[in-house]
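Trainee: Questions regarding the structure given below will be posed in turn.
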Amino acid sequence: MIVLIGAEKGGVGKSTLATNLAVHLAHHSVDVAVLDTDGQATCARFVERRDEAGILPSVPCVQRTGDVASTLRDLSRRYQVIVIDAGGRDSREMRSAMAVANLMLVPTKASQADLETLPKVNELIGLARGLNPDLKASAVLSMAPSNPIIREVEDARELLAQFEQMELADTVIRDRKVYRDALLSGHGVVELNNSQARAEIQLLAQEFFELQP
Ligand SMILES: Nc1ncnc2c1ncn2[C@@H]1O[C@H](COP(=O)(O)OP(=O)(O)O)[C@@H](O)[C@H]1O
Ligand SMILES: [Mg+2]
């Protein structure tokens with residue numbers, strides 16, 4: 001299964017979702033690898049820190065840029081799940097990955113400026129389905145304010161429900177410091193003791209993967 005984490009924007013939580021999903025899957029005995037196509041190498045550096053700290057299970061990470069379709073076909077012979085961190089913006093990496101992925105997750109913040117980038121992604125998914133009709137796609141609200149008084153998430157939900165090419169994940173990833181700490185220490189939040197963040201990643205994974213308990 002090839003899972004692409006992609007968006008038109010940087011700083012929306014792509015690398016955070018990629019690392020956390022990969023670590024969570026690895027804990028469920030899934031043979032998972034990350035493909036980091038972003039020059040910022042956030043996932044590659046995450047895995048380096050994880051390995052240096054000796055955190056298990058280890059999560060292999062491959063870095064590639066340009067057309068990644070053949071790399072993905074090759075990796076999918078060796079791993080059960082490949083999680084791609086596609087970096088910011090529309091790119092060759094993202095488009096070529098969309099041509100072979102089974103699932104695309106599009107993290108987005110609930111703010112207006114972020115939501116405005118989604119029609120473009122919606123259109124790209126429509127185009128990709130010309131080549132890859134089985135591509136599933138879902139937006140994921142990410143870095144959402146944890147204060148329930150802020151109505152942004154409800155408003156964003158309404159808007160996101162209108163896109164033809166994308167579903168909307170039920171699980172919302174909230175803005176929590178533990179996600180930043182985990183990225184820096186080489187952990188997934190499922191390995192740290194913040195039950196809310198852990199539950200978010202578990203629920204998100206449940207929505208999209210069939211895992212053994
Ligand atoms: N849910 C979250 N809560 C708090 N901080 C987050 C969350 N998701 C991401 N971050 C932080 O925001 C910054 C950008 O996130 P990142 O995953 O690198 O985004 P992207 O890969 O889309 O550029 C990082 O410092 C990261 O630790
Ligand atoms: Mg990133």
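Lettering and numbering for the structure tokens are positional, with chains as A, B, ... in the shown order, residues counted from 1 in each chain, and ligands counted from 1 in the shown order.
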Using only C-alpha atoms and all ligand atoms, which residues of the polymer chains come no farther than 8 Å from ligand 2? I'd like the answer as JSON, numbers by chain.

Mentor: {"A": [10, 11, 13, 14, 15, 16, 38, 40, 41, 42, 43, 85, 86, 87, 88]}

Trainee: Per residue of chain A within 10 Å of ligand 1, what are the shortest atom pair and its distance in Å to one decimal, counting only C-alpha atoms and all ligand atoms, with rows by chain and residue number, as CSV?

Mentor:
residue,atom,partner,partner_atom_place_in_ligand_line,distance
A:Ile5,CA,ligand 1,22 (O),8.9
A:Gly6,CA,ligand 1,22 (O),8.1
A:Ala7,CA,ligand 1,22 (O),7.5
A:Glu8,CA,ligand 1,22 (O),9.1
A:Lys9,CA,ligand 1,22 (O),6.6
A:Gly10,CA,ligand 1,23 (O),3.9
A:Gly11,CA,ligand 1,23 (O),3.3
A:Val12,CA,ligand 1,22 (O),3.9
A:Gly13,CA,ligand 1,17 (O),3.2
A:Lys14,CA,ligand 1,22 (O),3.7
A:Ser15,CA,ligand 1,21 (O),3.7
A:Thr16,CA,ligand 1,17 (O),3.6
A:Leu17,CA,ligand 1,17 (O),6.5
A:Ala18,CA,ligand 1,17 (O),7.9
A:Thr19,CA,ligand 1,17 (O),8.5
A:Asn20,CA,ligand 1,17 (O),9.7
A:Asp38,CA,ligand 1,21 (O),8.6
A:Gln40,CA,ligand 1,23 (O),8.7
A:Ala41,CA,ligand 1,21 (O),9.4
A:Thr42,CA,ligand 1,18 (O),6.6
A:Cys43,CA,ligand 1,21 (O),8.6
A:Asp85,CA,ligand 1,21 (O),7.4
A:Ala86,CA,ligand 1,21 (O),8.2
A:Gly87,CA,ligand 1,21 (O),6.1
A:Gly88,CA,ligand 1,23 (O),6.3
A:Arg89,CA,ligand 1,22 (O),9.6
A:Val106,CA,ligand 1,22 (O),9.5
A:Pro107,CA,ligand 1,22 (O),7.5
A:Thr108,CA,ligand 1,22 (O),8.5
A:Lys109,CA,ligand 1,1 (N),9.4
A:Leu141,CA,ligand 1,1 (N),9.3
A:Ser142,CA,ligand 1,1 (N),5.7
A:Met143,CA,ligand 1,1 (N),4.0
A:Ala144,CA,ligand 1,1 (N),7.0
A:Pro145,CA,ligand 1,3 (N),8.9
A:Ser146,CA,ligand 1,3 (N),9.5
A:Val172,CA,ligand 1,1 (N),9.1
A:Ile173,CA,ligand 1,1 (N),5.4
A:Arg174,CA,ligand 1,1 (N),4.9
A:Asp175,CA,ligand 1,3 (N),3.3
A:Arg176,CA,ligand 1,3 (N),4.0
A:Lys177,CA,ligand 1,4 (C),4.9
A:Val178,CA,ligand 1,4 (C),6.8
A:Tyr179,CA,ligand 1,4 (C),5.0
A:Arg180,CA,ligand 1,27 (O),3.4
A:Asp181,CA,ligand 1,27 (O),6.9
A:Ala182,CA,ligand 1,27 (O),7.7
A:Leu183,CA,ligand 1,27 (O),5.7
A:Leu184,CA,ligand 1,27 (O),7.5
A:Ala197,CA,ligand 1,1 (N),8.2
A:Glu200,CA,ligand 1,1 (N),9.5

Trainee: As a PyMOL selection string, which residues of region 37-123 of chain A does DSSP assign to alpha helix (DSSP H)?

Mentor: chain A and resi 42-52+69-78+92-98+112-115+118-123

Trainee: Those same residues, written as a compact mmCIF listing (two decimals), in the first residue's frame with N, CA and C atoms?

Mentor:
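Here's the written file result-v7.txt:
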# COMPACT_ATOMS: atom_id res chain seq x y z
N THR A 42 12.94 16.45 6.40
CA THR A 42 12.45 16.36 7.79
C THR A 42 12.34 14.91 8.25
N CYS A 43 11.80 14.06 7.39
CA CYS A 43 11.64 12.65 7.78
C CYS A 43 12.98 11.93 7.86
N ALA A 44 13.85 12.23 6.90
CA ALA A 44 15.16 11.58 6.91
C ALA A 44 15.92 11.94 8.18
N ARG A 45 15.84 13.20 8.57
CA ARG A 45 16.54 13.61 9.80
C ARG A 45 15.87 13.05 11.05
N PHE A 46 14.54 12.94 10.98
CA PHE A 46 13.81 12.30 12.09
C PHE A 46 14.32 10.87 12.30
N VAL A 47 14.43 10.13 11.19
CA VAL A 47 14.86 8.72 11.28
C VAL A 47 16.31 8.63 11.78
N GLU A 48 17.14 9.59 11.37
CA GLU A 48 18.52 9.62 11.87
C GLU A 48 18.54 9.79 13.38
N ARG A 49 17.74 10.74 13.87
CA ARG A 49 17.68 10.96 15.32
C ARG A 49 17.14 9.73 16.03
N ARG A 50 16.15 9.11 15.42
CA ARG A 50 15.55 7.90 16.02
C ARG A 50 16.60 6.79 16.12
N ASP A 51 17.36 6.61 15.03
CA ASP A 51 18.39 5.56 15.03
C ASP A 51 19.50 5.87 16.02
N GLU A 52 19.93 7.14 16.05
CA GLU A 52 20.99 7.52 16.99
C GLU A 52 20.57 7.28 18.43
N ALA A 69 7.92 7.48 -9.32
CA ALA A 69 7.02 6.35 -9.59
C ALA A 69 7.77 5.01 -9.60
N SER A 70 8.95 4.97 -10.25
CA SER A 70 9.63 3.67 -10.34
C SER A 70 10.23 3.29 -8.98
N THR A 71 10.72 4.28 -8.24
CA THR A 71 11.20 4.01 -6.88
C THR A 71 10.07 3.41 -6.05
N LEU A 72 8.87 3.95 -6.21
CA LEU A 72 7.73 3.46 -5.42
C LEU A 72 7.35 2.04 -5.81
N ARG A 73 7.41 1.76 -7.12
CA ARG A 73 7.08 0.38 -7.54
C ARG A 73 8.09 -0.59 -6.95
N ASP A 74 9.35 -0.16 -6.94
CA ASP A 74 10.41 -0.99 -6.38
C ASP A 74 10.21 -1.18 -4.87
N LEU A 75 9.98 -0.09 -4.15
CA LEU A 75 9.80 -0.17 -2.70
C LEU A 75 8.58 -1.02 -2.34
N SER A 76 7.54 -0.95 -3.18
CA SER A 76 6.32 -1.67 -2.81
C SER A 76 6.47 -3.17 -2.98
N ARG A 77 7.56 -3.61 -3.64
CA ARG A 77 7.85 -5.04 -3.67
C ARG A 77 8.50 -5.47 -2.36
N ARG A 78 9.15 -4.50 -1.67
CA ARG A 78 9.91 -4.86 -0.47
C ARG A 78 9.20 -4.53 0.85
N ARG A 92 6.92 17.67 -9.05
CA ARG A 92 7.04 16.41 -9.81
C ARG A 92 6.92 15.22 -8.87
N GLU A 93 7.51 15.39 -7.68
CA GLU A 93 7.47 14.31 -6.69
C GLU A 93 6.02 13.97 -6.35
N MET A 94 5.26 15.03 -6.05
CA MET A 94 3.88 14.79 -5.63
C MET A 94 3.06 14.21 -6.79
N ARG A 95 3.22 14.79 -7.98
CA ARG A 95 2.42 14.30 -9.11
C ARG A 95 2.77 12.86 -9.49
N SER A 96 4.06 12.54 -9.47
CA SER A 96 4.43 11.17 -9.86
C SER A 96 3.97 10.18 -8.79
N ALA A 97 4.02 10.61 -7.53
CA ALA A 97 3.55 9.72 -6.46
C ALA A 97 2.03 9.52 -6.56
N MET A 98 1.31 10.58 -6.96
CA MET A 98 -0.14 10.46 -7.09
C MET A 98 -0.53 9.46 -8.17
N GLN A 112 -8.40 30.02 6.97
CA GLN A 112 -8.80 30.41 5.63
C GLN A 112 -7.66 30.28 4.61
N ALA A 113 -6.47 30.79 4.97
CA ALA A 113 -5.35 30.80 4.03
C ALA A 113 -4.96 29.38 3.61
N ASP A 114 -5.12 28.45 4.50
CA ASP A 114 -4.78 27.06 4.17
C ASP A 114 -5.89 26.41 3.36
N LEU A 115 -7.13 26.67 3.76
CA LEU A 115 -8.26 26.06 3.06
C LEU A 115 -8.32 26.53 1.61
N LEU A 118 -6.87 24.34 -1.16
CA LEU A 118 -7.40 22.99 -1.39
C LEU A 118 -8.08 22.79 -2.75
N PRO A 119 -8.74 23.80 -3.32
CA PRO A 119 -9.32 23.56 -4.66
C PRO A 119 -8.28 23.08 -5.67
N LYS A 120 -7.07 23.61 -5.56
CA LYS A 120 -5.97 23.18 -6.44
C LYS A 120 -5.65 21.70 -6.23
N VAL A 121 -5.55 21.31 -4.98
CA VAL A 121 -5.26 19.90 -4.68
C VAL A 121 -6.39 19.01 -5.18
N ASN A 122 -7.60 19.47 -4.95
CA ASN A 122 -8.79 18.74 -5.41
C ASN A 122 -8.71 18.50 -6.93
N GLU A 123 -8.31 19.55 -7.64
CA GLU A 123 -8.19 19.45 -9.10
C GLU A 123 -7.09 18.47 -9.49

Trainee: For region 2-4 of chain A, work out the shell of residues within 6 Å, counting only C-alpha atoms and skipping chain neighbours fewer than 6 positions away, then give it as a compact mmCIF listing (two decimals) with N, CA and C atoms, in the first residue's frame.

Mentor:
# COMPACT_ATOMS: atom_id res chain seq x y z
N VAL A 81 3.87 -1.27 3.47
CA VAL A 81 3.32 0.09 3.38
C VAL A 81 4.47 1.06 3.14
N ILE A 82 4.28 1.98 2.23
CA ILE A 82 5.24 3.06 2.02
C ILE A 82 4.52 4.37 2.28
N VAL A 83 5.09 5.16 3.17
CA VAL A 83 4.51 6.47 3.49
C VAL A 83 5.40 7.53 2.84
N ILE A 84 4.81 8.33 1.97
CA ILE A 84 5.60 9.33 1.25
C ILE A 84 5.36 10.71 1.85
N ALA A 101 0.00 6.00 -6.08
CA ALA A 101 -0.43 5.82 -4.68
C ALA A 101 -1.81 5.17 -4.60
N ASN A 102 -2.06 4.50 -3.48
CA ASN A 102 -3.39 3.97 -3.19
C ASN A 102 -4.23 4.99 -2.42
N LEU A 103 -3.53 5.78 -1.62
CA LEU A 103 -4.22 6.72 -0.73
C LEU A 103 -3.41 8.01 -0.64
N MET A 104 -4.10 9.14 -0.74
CA MET A 104 -3.44 10.43 -0.51
C MET A 104 -4.13 11.10 0.68

Trainee: Show which residues sit within 9 Å of Pro57 (chain A), as a list in words. Count only C-alpha atoms, and ignore same-chain residues fewer than 3 positions away.

Mentor: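 Final neighbour list, sorted by chain and number: Val23, Ala26, His27 and Gly54 of chain A.
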
Trainee: Write a file of the just-selected residues containing N, CA and C atoms, as an mmCIF file, in the first residue's frame.

Mentor:
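Final output, saved to selection.cif:
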data_model
loop_
_atom_site.group_PDB
_atom_site.id
_atom_site.type_symbol
_atom_site.label_atom_id
_atom_site.label_comp_id
_atom_site.auth_asym_id
_atom_site.auth_seq_id
_atom_site.Cartn_x
_atom_site.Cartn_y
_atom_site.Cartn_z
ATOM 1 N N VAL A 23 5.616 5.301 12.412
ATOM 2 C CA VAL A 23 5.998 4.700 13.698
ATOM 3 C C VAL A 23 4.845 3.843 14.238
ATOM 4 N N ALA A 26 4.656 0.647 12.338
ATOM 5 C CA ALA A 26 5.780 -0.230 12.688
ATOM 6 C C ALA A 26 5.498 -0.964 14.009
ATOM 7 N N HIS A 27 4.832 -0.293 14.940
ATOM 8 C CA HIS A 27 4.482 -0.939 16.208
ATOM 9 C C HIS A 27 3.412 -2.008 16.038
ATOM 10 N N GLY A 54 18.579 5.026 19.310
ATOM 11 C CA GLY A 54 18.340 3.591 19.481
ATOM 12 C C GLY A 54 16.885 3.233 19.737
#

Trainee: Quick one: distance from CA of Gly66 (chain A) to CA of Ala99 (chain A) in Å, one decimal?

Mentor: 13.3 Å

Trainee: Taking only C-alpha atoms into account, which of A:Arg198, A:His187, A:Arg129, A:Arg151 comes nearest Ile55 (chain A)?

Mentor: A:His187

Trainee: Could you tell me which of A:Thr37, A:Gln80, A:Ala199, A:Gln212 comes closest to Cys61 (chain A) if we count only C-alpha atoms?

Mentor: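 So, comparing all the options, the nearest one is A:Thr37.
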